[in-house]
Amino acid sequence: MKATILIPVVFLFSSHAVMADALNDMFNEYKQNGVTSFNEQAGETLWNKQFNDNKTGEVRSCTTCHGTNLKKVGKHAKTGKPIEPMAPSVNQKSLTEVKKIKKWFKRNCKWTLGRECSTQEQADILTYLKNQ
Amino acid sequence: MKTIITVSSVLGLILVTALVMGDNDSDEKNEHSGSMLNRVFSKQLDVAPVKSTQYQEECGSCHFAYQAGLLPARSWEKMMGNLENHFGENAELDIETQTGLTQYLVRNAADHADYKRSSRIMGSLGKNDSPLRITETPYFLRKHNEIPRKVIENNPKLSSFSQCAACHVNAEKGSYDEDEVRIPGVGKWED
């Protein structure tokens, strides 16, 4: 009985700790690069902002693939492949690996904004996402 | 003695017949006989399933993790050298991951794999052809030519022929048997 209670508690705790570790690493790196503010509101605005793609004329935003509800499954715009929810409150794997966070920021900012995101923009977006 | 000769002759005849039938690509029924034989020699199943978790994760997070044995090594090399423009998408990887995945793909490519569909895809290509799309290989086109494009392209659950696993229910295991095809909203496909 004790074990059955303990296991989920340990699991819950460890996944939160993993997320916190990865995010702490990211936030520390941003600070070292001169970022002083971590603005959730700015992150939300950028997340929903629409950009025109020069090559295709398409209107793109983070929500194009991730959907408007971060707690729900998204859909890759081209392949239709489901994308796990970004909100850590429903997807415990979200934002738990530094390598993945960096990879997807690089790729997806280039696709959506046509350029890489600045460290300030990344800091704001992560601040917004981690509270979902 | 006579019995042994007779039995082995009959077995030999069955084997030869099955091999000949299995080689005939134009007739689906014959191909099934071929795949039955292939199951005996299990190495000859459709394509080798993906064994790299890194490949599954890196490539499979955006699209079906197409088995390496579906394109020749030269195609994979070309594709992996231009990930910044991956069919119009940015699929950049760090150099270490890119190198590792290229090695995996080349090592298991259609020209390095002893599997039925791999051999047939290779057989349908010219010596220097290096297609980037599996759906544009002559073998693929021939195998799907009875399905009108609109069945796929106007299907709300599909967008193109690229989503193997949407219809080939065991595609992830490397099985593309026609009997296992279930087209969303249509069901089994009858010729």
# chains A, B, ... in the order shown; residues from 1 in each chain; ligands from 1
>>> interface_residues(of="chain B", to="chain A", cutoff="7 Å", atoms="only C-alpha atoms", output="ChimeraX atom specification")
/B:62-63,89-92
>>> write_last_selection(atoms="N, CA and C atoms", output="CSV table (one decimal), in the first residue's frame")
chain,number,residue,atom,x,y,z
B,62,CYS,N,8.3,14.3,-36.7
B,62,CYS,CA,7.5,15.2,-37.6
B,62,CYS,C,6.8,14.4,-38.7
B,63,HIS,N,7.3,13.2,-39.0
B,63,HIS,CA,6.6,12.4,-40.0
B,63,HIS,C,6.8,10.9,-39.8
B,89,GLU,N,10.7,22.5,-45.5
B,89,GLU,CA,10.7,22.7,-44.1
B,89,GLU,C,12.2,22.8,-43.6
B,90,ASN,N,12.4,23.4,-42.5
B,90,ASN,CA,13.7,23.4,-41.8
B,90,ASN,C,13.8,22.2,-40.9
B,91,ALA,N,14.7,21.3,-41.2
B,91,ALA,CA,14.8,20.1,-40.3
B,91,ALA,C,16.3,20.0,-39.9
B,92,GLU,N,16.9,21.2,-39.6
B,92,GLU,CA,18.3,21.2,-39.2
B,92,GLU,C,18.6,20.3,-38.0
>>> residues_around(residues="stretch 184-189 of chain B", least_positions_apart="4", cutoff="10 Å", atoms="only C-alpha atoms", output="list in words")
Glu146, Ile147, Val151, Ile152, Asn155, Pro156, Lys157, Leu158, Ala166, Cys167, Glu178, Asp179 and Glu180 of chain B
>>> write_last_selection(atoms="C-alpha atoms", output="CSV table (one decimal), in the first residue's frame")
chain,number,residue,atom,x,y,z
B,146,GLU,CA,-4.9,1.7,-59.1
B,147,ILE,CA,-5.7,4.2,-56.3
B,151,VAL,CA,-9.2,9.1,-52.8
B,152,ILE,CA,-6.1,10.2,-51.0
B,155,ASN,CA,-9.5,12.5,-47.9
B,156,PRO,CA,-9.9,14.6,-44.7
B,157,LYS,CA,-7.8,12.2,-42.8
B,158,LEU,CA,-5.0,12.2,-45.3
B,166,ALA,CA,-2.4,5.9,-42.3
B,167,CYS,CA,-3.3,3.0,-44.7
B,178,GLU,CA,-1.7,-5.3,-49.6
B,179,ASP,CA,-4.1,-7.4,-47.4
B,180,GLU,CA,-3.4,-5.1,-44.5
>>> select_by_dssp(residues="chain A", states="strand (DSSP E or B)", output="list in words")
Phe51, Asn52, Val59, Arg60, Gly74, Lys75, Pro82 and Ile83 of chain A
>>> closest_residue(among="B:Val181, B:Ile95, B:Leu105, B:Ala48", to="B:Leu71", atoms="only C-alpha atoms")
B:Leu105
>>> select_by_dssp(residues="stretch 15-173 of chain B", states="helix (DSSP H, G or I)", output="MDAnalysis selection string")
chainID B and resid 15:23 28:40 42:44 53:58 68:70 73:80 83:85 95:107 110:112 116:124 134:136 138:144 149:153 164:167 171:173
>>> atom_distance(atom1="atom CA of B:Ser159", atom2="atom CA of B:Ser118")
24.8 Å
>>> residues_around(residues="stretch 23-27 of chain A", least_positions_apart="2", cutoff="9 Å", atoms="only C-alpha atoms", output="MDAnalysis selection string")
chainID A and resid 18:21 29:32 35 38 95:98 101:102 123 126 130
>>> closest_residue(among="A:Gln132, A:Phe105, A:Thr127, A:Ser118", to="A:Val90", atoms="only C-alpha atoms")
A:Gln132
>>> residues_around(residues="stretch 76-81 of chain B", least_positions_apart="3", cutoff="8 Å", atoms="only C-alpha atoms", output="list in words")
Leu71, Pro72, Ala73, His86, Gln98, Thr102, Leu105, Val106, Ala109, Ser130 and Leu132 of chain B
